Amino acid sequence: MMRLICITMCALLALAAPAAALSHTLAMQVLAETNLARTEPRTYAGFLREFRTQFRGKYYVLPGSSIRIQTSEGVTAVDEAIRFLSRSKPLPPLTWSDGLAAAAAELADEQGRSGATGHTGRQSHGMRERIERHGEWDGMIGENIAYGPEGPRNLVMQLIVDDGVANRGHRINTFSPSFRTAGIACGPHPRFGNMCVVDFARGFRESR
């Protein structure tokens with residue numbers, strides 16, 4: 001069995017809706033956005049070309065905001081991601097897994113309280129242990145974690161660009177043909193504002 005692990009360091013929401021429901025909605029939106037990138041990579045390259053125009057040196061400013069967001073590589077990483085997407089062939093979409101989402105939620109909930117980062121929680125432990133508490137996987141598993149960006153498109157673009165990550169591990173996970181299912185958990189983070197954990201597998205059978 002193999003596993004692939006990587007990490008990026010990369011407002012109040014409507015008070016009428018429960019926080020858990022909002023987090024689940026964002027998680028489903030992140031899956032839909034990831035599947036758009038997988039099934040229509042050239043379309044997604046267009047989104048990154050538009051994103052590129054927001055850079056001033058190694059920082060960028062999102063539309064409607066005056067906050068400067070510093071990057072490690074500037075447009076170099078964005079251009080590399082655009083080239084990758086432009087030559088990528090479409091991949092099948094990922095299916096949703098409640099079991100993988102539950103595994104991801106263990107880490108998101110813990111770090112949402114502690115403010116910690118990384119793939120190993122003091123209480124929830126490592127990716128493999130968390131996933132295996134909720135079922136059996138086969139083939140390959142992997143995990144992406146994004147801290148900071150708001151909105152599904154900004155989050156998925158961050159993982160694809162993978163600024164400052166030498167092996168572009170998030171991008172590899174996102175576009176791995178070996179992964180066929182995923183579960184996602186998002187929530188607040190005391191240091192970075194927001195976070196999302198994405199757990200992938202080729203196959204996953206939930207515990208009964």
# chains A, B, ... in the order shown; residues from 1 in each chain; ligands from 1

$ select_by_dssp --residues "range 7-206 of chain A" --states "helix (DSSP H, G or I)" --output "MDAnalysis selection string"
chainID A and resid 19:39 41:52 75:87 98:114 127:133 152:161 169:174

$ residues_around --residues "Pro90 in chain A" --least-positions-apart "2" --cutoff "10 Å" --atoms "only C-alpha atoms" --output "ChimeraX atom specification"
/A:35-42,85,87-88,92-93,175,177

$ write_last_selection --atoms "N, CA, C and O atoms" --output "CSV table (one decimal), in the first residue's frame"
chain,number,residue,atom,x,y,z
A,35,ASN,N,-13.2,19.1,-9.0
A,35,ASN,CA,-13.7,18.3,-10.2
A,35,ASN,C,-13.7,19.1,-11.5
A,35,ASN,O,-13.5,18.6,-12.6
A,36,LEU,N,-14.0,20.4,-11.4
A,36,LEU,CA,-14.0,21.2,-12.5
A,36,LEU,C,-12.5,21.3,-13.0
A,36,LEU,O,-12.3,21.2,-14.3
A,37,ALA,N,-11.6,21.5,-12.1
A,37,ALA,CA,-10.2,21.5,-12.5
A,37,ALA,C,-9.7,20.2,-13.2
A,37,ALA,O,-9.0,20.2,-14.1
A,38,ARG,N,-10.2,19.1,-12.6
A,38,ARG,CA,-9.8,17.8,-13.1
A,38,ARG,C,-10.4,17.5,-14.5
A,38,ARG,O,-9.8,16.9,-15.4
A,39,THR,N,-11.7,17.8,-14.7
A,39,THR,CA,-12.4,17.5,-15.9
A,39,THR,C,-12.2,18.5,-17.0
A,39,THR,O,-12.4,18.2,-18.2
A,40,GLU,N,-11.9,19.8,-16.6
A,40,GLU,CA,-11.7,20.9,-17.6
A,40,GLU,C,-10.4,21.7,-17.3
A,40,GLU,O,-10.5,22.8,-17.0
A,41,PRO,N,-9.3,21.0,-17.4
A,41,PRO,CA,-8.0,21.7,-17.0
A,41,PRO,C,-7.7,23.0,-17.8
A,41,PRO,O,-7.2,23.9,-17.2
A,42,ARG,N,-8.1,23.0,-19.1
A,42,ARG,CA,-7.8,24.2,-19.9
A,42,ARG,C,-8.7,25.3,-19.5
A,42,ARG,O,-8.3,26.5,-19.5
A,85,LEU,N,-1.7,22.9,-16.6
A,85,LEU,CA,-3.1,22.7,-16.9
A,85,LEU,C,-3.3,22.7,-18.4
A,85,LEU,O,-4.2,22.0,-18.9
A,87,ARG,N,-1.5,21.6,-20.8
A,87,ARG,CA,-1.2,20.4,-21.5
A,87,ARG,C,-1.8,19.1,-20.8
A,87,ARG,O,-1.5,18.0,-21.2
A,88,SER,N,-2.6,19.3,-19.8
A,88,SER,CA,-3.2,18.2,-19.1
A,88,SER,C,-4.4,17.7,-19.8
A,88,SER,O,-5.2,18.4,-20.3
A,92,PRO,N,-11.3,11.9,-14.8
A,92,PRO,CA,-12.7,11.6,-14.2
A,92,PRO,C,-12.9,12.4,-12.9
A,92,PRO,O,-11.9,12.7,-12.2
A,93,PRO,N,-14.1,12.8,-12.6
A,93,PRO,CA,-14.3,13.6,-11.3
A,93,PRO,C,-14.2,12.6,-10.2
A,93,PRO,O,-14.4,11.4,-10.3
A,175,PHE,N,-4.5,16.2,-9.1
A,175,PHE,CA,-4.6,15.7,-10.5
A,175,PHE,C,-4.1,14.2,-10.6
A,175,PHE,O,-3.9,13.8,-11.7
A,177,PRO,N,-4.5,10.5,-11.3
A,177,PRO,CA,-5.5,9.6,-11.8
A,177,PRO,C,-5.7,8.4,-10.9
A,177,PRO,O,-6.7,7.7,-11.1

$ closest_residue --among "A:Gly99, A:Arg168, A:Asp162, A:Arg153" --to "Asp199 in chain A" --atoms "only C-alpha atoms"
A:Gly99

$ atom_distance --atom1 "CA of Ile69 in chain A" --atom2 "CA of Phe55 in chain A"
9.3 Å

$ select_by_dssp --residues "range 59-189 of chain A" --states "strand (DSSP E or B)" --output "ChimeraX atom specification"
/A:59-61,68-70,95-96,121,125,135-147,181-189

$ residues_around --residues "Ile184 in chain A" --least-positions-apart "2" --cutoff "7 Å" --atoms "only C-alpha atoms" --output "PDB file with all heavy atoms, in the first residue's frame"
ATOM      1  N   ALA A  27     -17.363  22.561   1.830  1.00  0.00           N
ATOM      2  CA  ALA A  27     -16.677  21.317   1.472  1.00  0.00           C
ATOM      3  C   ALA A  27     -17.193  20.762   0.143  1.00  0.00           C
ATOM      4  O   ALA A  27     -16.407  20.342  -0.717  1.00  0.00           O
ATOM      5  CB  ALA A  27     -16.849  20.285   2.583  1.00  0.00           C
ATOM      6  N   ALA A 101     -14.520  12.158   4.520  1.00  0.00           N
ATOM      7  CA  ALA A 101     -14.856  13.476   5.067  1.00  0.00           C
ATOM      8  C   ALA A 101     -14.811  13.455   6.592  1.00  0.00           C
ATOM      9  O   ALA A 101     -14.368  14.417   7.232  1.00  0.00           O
ATOM     10  CB  ALA A 101     -16.236  13.909   4.579  1.00  0.00           C
ATOM     11  N   ALA A 104     -11.195  13.609   7.591  1.00  0.00           N
ATOM     12  CA  ALA A 104     -10.701  14.974   7.418  1.00  0.00           C
ATOM     13  C   ALA A 104     -11.224  15.885   8.521  1.00  0.00           C
ATOM     14  O   ALA A 104     -10.507  16.772   9.022  1.00  0.00           O
ATOM     15  CB  ALA A 104     -11.105  15.504   6.049  1.00  0.00           C
ATOM     16  N   ALA A 182     -12.975  11.231  -2.645  1.00  0.00           N
ATOM     17  CA  ALA A 182     -12.410  12.196  -1.693  1.00  0.00           C
ATOM     18  C   ALA A 182     -13.460  12.603  -0.683  1.00  0.00           C
ATOM     19  O   ALA A 182     -14.666  12.541  -0.950  1.00  0.00           O
ATOM     20  CB  ALA A 182     -11.877  13.426  -2.417  1.00  0.00           C
ATOM     21  N   CYS A 186     -14.045  21.493   6.133  1.00  0.00           N
ATOM     22  CA  CYS A 186     -13.577  22.878   6.226  1.00  0.00           C
ATOM     23  C   CYS A 186     -14.074  23.489   7.526  1.00  0.00           C
ATOM     24  O   CYS A 186     -15.091  23.059   8.088  1.00  0.00           O
ATOM     25  CB  CYS A 186     -14.087  23.706   5.050  1.00  0.00           C
ATOM     26  SG  CYS A 186     -13.607  23.076   3.425  1.00  0.00           S
ATOM     27  N   CYS A 196      -9.153  23.959   5.101  1.00  0.00           N
ATOM     28  CA  CYS A 196      -9.857  22.810   4.536  1.00  0.00           C
ATOM     29  C   CYS A 196      -8.894  21.632   4.459  1.00  0.00           C
ATOM     30  O   CYS A 196      -7.739  21.795   4.057  1.00  0.00           O
ATOM     31  CB  CYS A 196     -10.387  23.104   3.136  1.00  0.00           C
ATOM     32  SG  CYS A 196     -11.943  24.008   3.098  1.00  0.00           S
ATOM     33  N   VAL A 197      -9.379  20.472   4.849  1.00  0.00           N
ATOM     34  CA  VAL A 197      -8.622  19.225   4.737  1.00  0.00           C
ATOM     35  C   VAL A 197      -9.295  18.380   3.669  1.00  0.00           C
ATOM     36  O   VAL A 197     -10.515  18.189   3.695  1.00  0.00           O
ATOM     37  CB  VAL A 197      -8.605  18.456   6.075  1.00  0.00           C
ATOM     38  CG1 VAL A 197      -7.788  17.166   5.944  1.00  0.00           C
ATOM     39  CG2 VAL A 197      -8.062  19.331   7.192  1.00  0.00           C
ATOM     40  N   VAL A 198      -8.502  17.890   2.723  1.00  0.00           N
ATOM     41  CA  VAL A 198      -9.007  17.038   1.647  1.00  0.00           C
ATOM     42  C   VAL A 198      -8.308  15.692   1.744  1.00  0.00           C
ATOM     43  O   VAL A 198      -7.088  15.610   1.601  1.00  0.00           O
ATOM     44  CB  VAL A 198      -8.738  17.658   0.255  1.00  0.00           C
ATOM     45  CG1 VAL A 198      -9.388  16.812  -0.837  1.00  0.00           C
ATOM     46  CG2 VAL A 198      -9.226  19.104   0.188  1.00  0.00           C
ATOM     47  N   ASP A 199      -9.080  14.629   1.996  1.00  0.00           N
ATOM     48  CA  ASP A 199      -8.521  13.278   2.039  1.00  0.00           C
ATOM     49  C   ASP A 199      -8.944  12.521   0.784  1.00  0.00           C
ATOM     50  O   ASP A 199     -10.131  12.500   0.427  1.00  0.00           O
ATOM     51  CB  ASP A 199      -8.997  12.542   3.291  1.00  0.00           C
ATOM     52  CG  ASP A 199      -8.243  12.976   4.537  1.00  0.00           C
ATOM     53  OD1 ASP A 199      -7.198  13.639   4.389  1.00  0.00           O
ATOM     54  OD2 ASP A 199      -8.692  12.658   5.647  1.00  0.00           O
TER      55      ASP A 199
END

$ atom_distance --atom1 "CA of Ser23 in chain A" --atom2 "CA of Ile160 in chain A"
21.4 Å

$ atom_distance --atom1 "CA of His134 in chain A" --atom2 "CA of Phe204 in chain A"
9.3 Å

$ residues_around --residues "Gly203 in chain A" --least-positions-apart "2" --cutoff "9 Å" --atoms "only C-alpha atoms" --output "number ranges by chain"
A: 136-141, 179-181, 200-201, 205

$ closest_residue --among "A:Leu31, A:Met157, A:Ala146, A:Val165" --to "Ser72 in chain A" --atoms "only C-alpha atoms"
A:Val165

$ closest_residue --among "A:Val30, A:Asp163, A:Gly135, A:Gln158" --to "Thr76 in chain A" --atoms "only C-alpha atoms"
A:Asp163

$ closest_residue --among "A:Glu110, A:Asn144, A:Ala185, A:Arg83" --to "Arg171 in chain A" --atoms "only C-alpha atoms"
A:Asn144

$ closest_residue --among "A:Glu106, A:Ser114, A:Gln70, A:Tyr44" --to "Ile82 in chain A" --atoms "only C-alpha atoms"
A:Tyr44

$ closest_residue --among "A:Asn173, A:Pro152, A:Val161, A:Arg191" --to "Thr25 in chain A" --atoms "only C-alpha atoms"
A:Pro152
